[in-house]
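Note: the block below is model-v5.pdb and it holds PDB, C-alpha atoms.
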ATOM      1  CA  MET A   1     198.757 181.699  90.630  1.00  0.00           C
ATOM      2  CA  GLY A   2     195.058 182.539  90.271  1.00  0.00           C
ATOM      3  CA  ASP A   3     194.066 179.751  92.668  1.00  0.00           C
ATOM      4  CA  LYS A   4     196.524 180.981  95.292  1.00  0.00           C
ATOM      5  CA  TYR A   5     195.227 184.521  94.871  1.00  0.00           C
ATOM      6  CA  ARG A   6     191.609 183.331  95.095  1.00  0.00           C
ATOM      7  CA  SER A   7     192.453 181.190  98.136  1.00  0.00           C
ATOM      8  CA  MET A   8     194.195 184.131  99.821  1.00  0.00           C
ATOM      9  CA  ASN A   9     191.207 186.363  99.104  1.00  0.00           C
ATOM     10  CA  GLN A  10     188.889 183.752 100.593  1.00  0.00           C
ATOM     11  CA  ASP A  11     191.123 183.462 103.680  1.00  0.00           C
ATOM     12  CA  ILE A  12     191.195 187.244 104.017  1.00  0.00           C
ATOM     13  CA  ASP A  13     187.402 187.396 103.636  1.00  0.00           C
ATOM     14  CA  LEU A  14     187.031 184.680 106.292  1.00  0.00           C
ATOM     15  CA  LEU A  15     189.359 186.585 108.646  1.00  0.00           C
ATOM     16  CA  ILE A  16     187.475 189.810 108.032  1.00  0.00           C
ATOM     17  CA  GLN A  17     184.181 188.024 108.703  1.00  0.00           C
ATOM     18  CA  ALA A  18     185.588 186.440 111.900  1.00  0.00           C
ATOM     19  CA  ILE A  19     186.851 189.822 113.099  1.00  0.00           C
ATOM     20  CA  GLN A  20     183.509 191.442 112.254  1.00  0.00           C
ATOM     21  CA  ASP A  21     181.664 188.694 114.157  1.00  0.00           C
ATOM     22  CA  LYS A  22     183.960 189.208 117.163  1.00  0.00           C
ATOM     23  CA  VAL A  23     183.412 192.985 117.028  1.00  0.00           C
ATOM     24  CA  ASN A  24     179.644 192.468 116.763  1.00  0.00           C
ATOM     25  CA  VAL A  25     179.581 190.080 119.742  1.00  0.00           C
ATOM     26  CA  ASP A  26     181.789 192.354 121.863  1.00  0.00           C
ATOM     27  CA  SER A  27     179.708 195.396 120.908  1.00  0.00           C
ATOM     28  CA  ALA A  28     176.493 193.598 121.811  1.00  0.00           C
ATOM     29  CA  LYS A  29     177.957 192.559 125.178  1.00  0.00           C
ATOM     30  CA  SER A  30     179.150 196.110 125.839  1.00  0.00           C
ATOM     31  CA  MET A  31     175.777 197.599 124.948  1.00  0.00           C
ATOM     32  CA  SER A  32     174.015 195.053 127.127  1.00  0.00           C
ATOM     33  CA  THR A  33     176.332 195.812 130.052  1.00  0.00           C
ATOM     34  CA  PHE A  34     175.899 199.551 129.510  1.00  0.00           C
ATOM     35  CA  GLU A  35     172.112 199.210 129.375  1.00  0.00           C
ATOM     36  CA  GLU A  36     172.103 197.098 132.542  1.00  0.00           C
ATOM     37  CA  LYS A  37     174.302 199.564 134.427  1.00  0.00           C
ATOM     38  CA  SER A  38     172.257 202.504 133.145  1.00  0.00           C
ATOM     39  CA  SER A  39     169.049 200.867 134.319  1.00  0.00           C
ATOM     40  CA  LYS A  40     170.570 200.291 137.748  1.00  0.00           C
ATOM     41  CA  LYS A  41     171.700 203.923 137.929  1.00  0.00           C
ATOM     42  CA  VAL A  42     168.258 205.174 136.903  1.00  0.00           C
ATOM     43  CA  GLN A  43     166.638 202.988 139.560  1.00  0.00           C
ATOM     44  CA  MET A  44     169.156 204.166 142.166  1.00  0.00           C
ATOM     45  CA  LEU A  45     168.393 207.786 141.223  1.00  0.00           C
ATOM     46  CA  LYS A  46     164.654 207.136 141.588  1.00  0.00           C
ATOM     47  CA  ASP A  47     165.253 205.527 144.988  1.00  0.00           C
ATOM     48  CA  LEU A  48     167.356 208.484 146.133  1.00  0.00           C
ATOM     49  CA  THR A  49     164.771 210.941 144.842  1.00  0.00           C
ATOM     50  CA  ASN A  50     162.064 209.157 146.808  1.00  0.00           C
ATOM     51  CA  LYS A  51     164.245 208.818 149.909  1.00  0.00           C
ATOM     52  CA  TYR A  52     165.429 212.429 149.964  1.00  0.00           C
ATOM     53  CA  ASN A  53     162.787 215.016 149.202  1.00  0.00           C
ATOM     54  CA  LEU A  54     164.602 217.019 146.561  1.00  0.00           C
ATOM     55  CA  LEU A  55     163.531 220.619 146.172  1.00  0.00           C
ATOM     56  CA  ASN A  56     162.736 222.096 142.812  1.00  0.00           C
ATOM     57  CA  GLN A  57     164.701 225.042 141.456  1.00  0.00           C
ATOM     58  CA  ALA A  58     162.031 227.598 142.413  1.00  0.00           C
ATOM     59  CA  LYS A  59     162.160 226.539 146.063  1.00  0.00           C
ATOM     60  CA  LEU A  60     165.966 226.584 146.009  1.00  0.00           C
ATOM     61  CA  ASN A  61     165.916 230.096 144.551  1.00  0.00           C
ATOM     62  CA  ASN A  62     163.420 231.174 147.221  1.00  0.00           C
ATOM     63  CA  ILE A  63     165.638 229.757 149.963  1.00  0.00           C
ATOM     64  CA  SER A  64     168.633 231.527 148.447  1.00  0.00           C
ATOM     65  CA  GLU A  65     166.737 234.844 148.398  1.00  0.00           C
ATOM     66  CA  ILE A  66     165.668 234.393 152.021  1.00  0.00           C
ATOM     67  CA  LYS A  67     169.263 233.596 152.966  1.00  0.00           C
ATOM     68  CA  THR A  68     170.487 236.742 151.205  1.00  0.00           C
ATOM     69  CA  ILE A  69     167.864 238.872 152.977  1.00  0.00           C
ATOM     70  CA  GLN A  70     168.717 237.360 156.366  1.00  0.00           C
ATOM     71  CA  LEU A  71     172.450 237.877 155.819  1.00  0.00           C
ATOM     72  CA  LYS A  72     171.759 241.524 154.955  1.00  0.00           C
ATOM     73  CA  GLN A  73     169.618 241.896 158.087  1.00  0.00           C
ATOM     74  CA  LEU A  74     172.356 240.255 160.145  1.00  0.00           C
ATOM     75  CA  ASP A  75     174.907 242.725 158.776  1.00  0.00           C
ATOM     76  CA  GLU A  76     172.582 245.602 159.662  1.00  0.00           C
ATOM     77  CA  ILE A  77     172.146 244.256 163.201  1.00  0.00           C
ATOM     78  CA  GLU A  78     175.915 243.849 163.570  1.00  0.00           C
ATOM     79  CA  ASN A  79     176.440 247.429 162.391  1.00  0.00           C
ATOM     80  CA  LYS A  80     173.823 248.709 164.858  1.00  0.00           C
ATOM     81  CA  LEU A  81     175.417 246.657 167.631  1.00  0.00           C
ATOM     82  CA  THR A  82     178.836 248.093 166.837  1.00  0.00           C
ATOM     83  CA  TYR A  83     177.347 251.596 166.887  1.00  0.00           C
ATOM     84  CA  LEU A  84     175.621 250.949 170.237  1.00  0.00           C
ATOM     85  CA  GLU A  85     178.828 249.501 171.731  1.00  0.00           C
ATOM     86  CA  LYS A  86     180.709 252.647 170.713  1.00  0.00           C
ATOM     87  CA  LEU A  87     177.897 254.773 172.115  1.00  0.00           C
ATOM     88  CA  CYS A  88     178.075 252.860 175.423  1.00  0.00           C
ATOM     89  CA  ASP A  89     181.838 253.379 175.536  1.00  0.00           C
ATOM     90  CA  GLU A  90     181.339 257.102 174.987  1.00  0.00           C
ATOM     91  CA  PHE A  91     178.598 257.168 177.637  1.00  0.00           C
ATOM     92  CA  ASP A  92     180.918 255.382 180.115  1.00  0.00           C
ATOM     93  CA  GLU A  93     183.639 257.886 179.324  1.00  0.00           C
ATOM     94  CA  PHE A  94     181.184 260.754 179.827  1.00  0.00           C
ATOM     95  CA  GLN A  95     180.045 259.305 183.179  1.00  0.00           C
ATOM     96  CA  ASN A  96     183.665 258.959 184.280  1.00  0.00           C
ATOM     97  CA  GLU A  97     184.325 262.581 183.365  1.00  0.00           C
ATOM     98  CA  LEU A  98     181.221 263.664 185.303  1.00  0.00           C
ATOM     99  CA  ALA A  99     182.324 261.636 188.315  1.00  0.00           C
ATOM    100  CA  ILE A 100     185.770 263.229 188.169  1.00  0.00           C
ATOM    101  CA  LYS A 101     184.275 266.734 187.892  1.00  0.00           C
ATOM    102  CA  LYS A 102     181.891 265.995 190.740  1.00  0.00           C
ATOM    103  CA  SER A 103     184.669 264.687 192.954  1.00  0.00           C
ATOM    104  CA  THR A 104     186.877 267.686 192.188  1.00  0.00           C
ATOM    105  CA  LYS A 105     184.006 270.068 192.987  1.00  0.00           C
ATOM    106  CA  SER A 106     183.298 268.318 196.287  1.00  0.00           C
ATOM    107  CA  SER A 107     186.987 268.336 197.175  1.00  0.00           C
ATOM    108  CA  SER A 108     187.323 272.017 196.464  1.00  0.00           C
ATOM    109  CA  ALA A 109     184.184 272.966 198.358  1.00  0.00           C
TER     110      ALA A 109
END

Rewrite the structure from the file as structure tokens, please.
Amino acid sequence: MGDKYRSMNQDIDLLIQAIQDKVNVDSAKSMSTFEEKSSKKVQMLKDLTNKYNLLNQAKLNNISEIKTIQLKQLDEIENKLTYLEKLCDEFDEFQNELAIKKSTKSSSA
């Protein structure tokens, strides 16, 4: 019985070693593939960075501030335009009233 037990233990040890070898080989292949793909991605990122002039965060913040200021100025201009349009409408109405008063005065005279 001891020989069978020893033989089974040896077989189990051999299986464990074979599985460990397989895991090691597969892990090495996976790491190699990952490293290769990572290197390609890093190179692609460098190429894109060189191709497209990326702005740093300070410049992006500056652009954002300028945009905010210009949008505020645009709102102010739109508000002034709305005010002036209303003023023109009132002026037209006033001119019409003057024309009516003038025509009624000339008719009555």

Next item on the list: State, in Å with one decimal place, the distance from atom CA of A:Glu93 to atom CA of A:Lys80.
Entry: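 Calculated distance between atom CA of A:Glu93 and atom CA of A:Lys80 is 19.7 Å.
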
Notebook entry, point to check: What is the atom CA of A:Lys72-atom CA of A:Ala58 distance in Å, reported with one decimal?
Noted result: 21.1 Å

Dump as a tab-separated table the rows for residues of stretch 46-65 of chain A within 12 Å of stretch 24-41 of chain A: closest atom pair and distance in Å with one decimal, all atoms listed in the file counted, ordered by chain and rising residue number.
residue	atom	partner	partner_atom	distance
A:Lys46	CA	A:Lys41	CA	8.6
A:Asp47	CA	A:Lys41	CA	9.7
A:Leu48	CA	A:Lys41	CA	10.3

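The space between atom CA of A:Lys86 and atom CA of A:Thr68 spans 27.2 Å.
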
Take the structure in the block and write a file for stretch 62-92 of chain A, N, CA and C atoms, as a PDB file, in the first residue's frame.
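Output below, filename decode_34.pdb:
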ATOM      1  N   ASN A  62      -7.525  78.854 -19.655  1.00  0.00           N
ATOM      2  CA  ASN A  62      -7.555  80.211 -20.200  1.00  0.00           C
ATOM      3  C   ASN A  62      -8.621  80.322 -21.287  1.00  0.00           C
ATOM      4  N   ILE A  63      -8.660  79.334 -22.170  1.00  0.00           N
ATOM      5  CA  ILE A  63      -9.669  79.331 -23.235  1.00  0.00           C
ATOM      6  C   ILE A  63     -11.065  79.271 -22.633  1.00  0.00           C
ATOM      7  N   SER A  64     -11.229  78.456 -21.608  1.00  0.00           N
ATOM      8  CA  SER A  64     -12.530  78.341 -20.948  1.00  0.00           C
ATOM      9  C   SER A  64     -12.943  79.670 -20.316  1.00  0.00           C
ATOM     10  N   GLU A  65     -12.003  80.368 -19.695  1.00  0.00           N
ATOM     11  CA  GLU A  65     -12.298  81.675 -19.097  1.00  0.00           C
ATOM     12  C   GLU A  65     -12.689  82.684 -20.172  1.00  0.00           C
ATOM     13  N   ILE A  66     -11.952  82.688 -21.271  1.00  0.00           N
ATOM     14  CA  ILE A  66     -12.270  83.600 -22.378  1.00  0.00           C
ATOM     15  C   ILE A  66     -13.659  83.291 -22.921  1.00  0.00           C
ATOM     16  N   LYS A  67     -13.968  82.015 -23.056  1.00  0.00           N
ATOM     17  CA  LYS A  67     -15.290  81.612 -23.553  1.00  0.00           C
ATOM     18  C   LYS A  67     -16.378  82.115 -22.611  1.00  0.00           C
ATOM     19  N   THR A  68     -16.164  81.950 -21.312  1.00  0.00           N
ATOM     20  CA  THR A  68     -17.146  82.409 -20.326  1.00  0.00           C
ATOM     21  C   THR A  68     -17.343  83.919 -20.419  1.00  0.00           C
ATOM     22  N   ILE A  69     -16.249  84.655 -20.536  1.00  0.00           N
ATOM     23  CA  ILE A  69     -16.331  86.121 -20.659  1.00  0.00           C
ATOM     24  C   ILE A  69     -17.090  86.507 -21.919  1.00  0.00           C
ATOM     25  N   GLN A  70     -16.769  85.851 -23.037  1.00  0.00           N
ATOM     26  CA  GLN A  70     -17.428  86.182 -24.304  1.00  0.00           C
ATOM     27  C   GLN A  70     -18.913  85.823 -24.273  1.00  0.00           C
ATOM     28  N   LEU A  71     -19.260  84.715 -23.627  1.00  0.00           N
ATOM     29  CA  LEU A  71     -20.678  84.365 -23.508  1.00  0.00           C
ATOM     30  C   LEU A  71     -21.420  85.403 -22.662  1.00  0.00           C
ATOM     31  N   LYS A  72     -20.770  85.888 -21.611  1.00  0.00           N
ATOM     32  CA  LYS A  72     -21.375  86.930 -20.777  1.00  0.00           C
ATOM     33  C   LYS A  72     -21.563  88.211 -21.591  1.00  0.00           C
ATOM     34  N   GLN A  73     -20.535  88.575 -22.367  1.00  0.00           N
ATOM     35  CA  GLN A  73     -20.632  89.771 -23.209  1.00  0.00           C
ATOM     36  C   GLN A  73     -21.735  89.601 -24.254  1.00  0.00           C
ATOM     37  N   LEU A  74     -21.845  88.409 -24.807  1.00  0.00           N
ATOM     38  CA  LEU A  74     -22.891  88.141 -25.791  1.00  0.00           C
ATOM     39  C   LEU A  74     -24.275  88.287 -25.163  1.00  0.00           C
ATOM     40  N   ASP A  75     -24.440  87.787 -23.946  1.00  0.00           N
ATOM     41  CA  ASP A  75     -25.714  87.951 -23.245  1.00  0.00           C
ATOM     42  C   ASP A  75     -26.025  89.427 -23.020  1.00  0.00           C
ATOM     43  N   GLU A  76     -25.003  90.197 -22.637  1.00  0.00           N
ATOM     44  CA  GLU A  76     -25.207  91.630 -22.422  1.00  0.00           C
ATOM     45  C   GLU A  76     -25.615  92.320 -23.721  1.00  0.00           C
ATOM     46  N   ILE A  77     -24.971  91.958 -24.817  1.00  0.00           N
ATOM     47  CA  ILE A  77     -25.316  92.547 -26.120  1.00  0.00           C
ATOM     48  C   ILE A  77     -26.741  92.172 -26.505  1.00  0.00           C
ATOM     49  N   GLU A  78     -27.112  90.906 -26.275  1.00  0.00           N
ATOM     50  CA  GLU A  78     -28.479  90.478 -26.597  1.00  0.00           C
ATOM     51  C   GLU A  78     -29.498  91.240 -25.756  1.00  0.00           C
ATOM     52  N   ASN A  79     -29.187  91.457 -24.486  1.00  0.00           N
ATOM     53  CA  ASN A  79     -30.093  92.219 -23.623  1.00  0.00           C
ATOM     54  C   ASN A  79     -30.219  93.665 -24.102  1.00  0.00           C
ATOM     55  N   LYS A  80     -29.088  94.274 -24.483  1.00  0.00           N
ATOM     56  CA  LYS A  80     -29.131  95.645 -25.006  1.00  0.00           C
ATOM     57  C   LYS A  80     -29.913  95.698 -26.310  1.00  0.00           C
ATOM     58  N   LEU A  81     -29.730  94.701 -27.155  1.00  0.00           N
ATOM     59  CA  LEU A  81     -30.449  94.647 -28.428  1.00  0.00           C
ATOM     60  C   LEU A  81     -31.953  94.525 -28.188  1.00  0.00           C
ATOM     61  N   THR A  82     -32.327  93.674 -27.256  1.00  0.00           N
ATOM     62  CA  THR A  82     -33.747  93.535 -26.920  1.00  0.00           C
ATOM     63  C   THR A  82     -34.303  94.863 -26.414  1.00  0.00           C
ATOM     64  N   TYR A  83     -33.547  95.540 -25.555  1.00  0.00           N
ATOM     65  CA  TYR A  83     -33.972  96.839 -25.043  1.00  0.00           C
ATOM     66  C   TYR A  83     -34.139  97.838 -26.187  1.00  0.00           C
ATOM     67  N   LEU A  84     -33.150  97.892 -27.094  1.00  0.00           N
ATOM     68  CA  LEU A  84     -33.217  98.837 -28.214  1.00  0.00           C
ATOM     69  C   LEU A  84     -34.375  98.506 -29.161  1.00  0.00           C
ATOM     70  N   GLU A  85     -34.649  97.219 -29.366  1.00  0.00           N
ATOM     71  CA  GLU A  85     -35.792  96.839 -30.213  1.00  0.00           C
ATOM     72  C   GLU A  85     -37.096  97.321 -29.589  1.00  0.00           C
ATOM     73  N   LYS A  86     -37.229  97.161 -28.278  1.00  0.00           N
ATOM     74  CA  LYS A  86     -38.432  97.643 -27.594  1.00  0.00           C
ATOM     75  C   LYS A  86     -38.519  99.162 -27.681  1.00  0.00           C
ATOM     76  N   LEU A  87     -37.377  99.824 -27.525  1.00  0.00           N
ATOM     77  CA  LEU A  87     -37.343 101.277 -27.624  1.00  0.00           C
ATOM     78  C   LEU A  87     -37.756 101.729 -29.022  1.00  0.00           C
ATOM     79  N   CYS A  88     -37.280 101.035 -30.054  1.00  0.00           N
ATOM     80  CA  CYS A  88     -37.669 101.362 -31.436  1.00  0.00           C
ATOM     81  C   CYS A  88     -39.167 101.161 -31.639  1.00  0.00           C
ATOM     82  N   ASP A  89     -39.698 100.075 -31.070  1.00  0.00           N
ATOM     83  CA  ASP A  89     -41.142  99.840 -31.185  1.00  0.00           C
ATOM     84  C   ASP A  89     -41.920 100.976 -30.526  1.00  0.00           C
ATOM     85  N   GLU A  90     -41.459 101.399 -29.351  1.00  0.00           N
ATOM     86  CA  GLU A  90     -42.128 102.509 -28.673  1.00  0.00           C
ATOM     87  C   GLU A  90     -41.984 103.800 -29.474  1.00  0.00           C
ATOM     88  N   PHE A  91     -40.817 104.025 -30.063  1.00  0.00           N
ATOM     89  CA  PHE A  91     -40.599 105.215 -30.882  1.00  0.00           C
ATOM     90  C   PHE A  91     -41.517 105.194 -32.105  1.00  0.00           C
ATOM     91  N   ASP A  92     -41.646 104.021 -32.759  1.00  0.00           N
ATOM     92  CA  ASP A  92     -42.565 103.894 -33.900  1.00  0.00           C
ATOM     93  C   ASP A  92     -43.995 104.191 -33.470  1.00  0.00           C
TER      94      ASP A  92
END
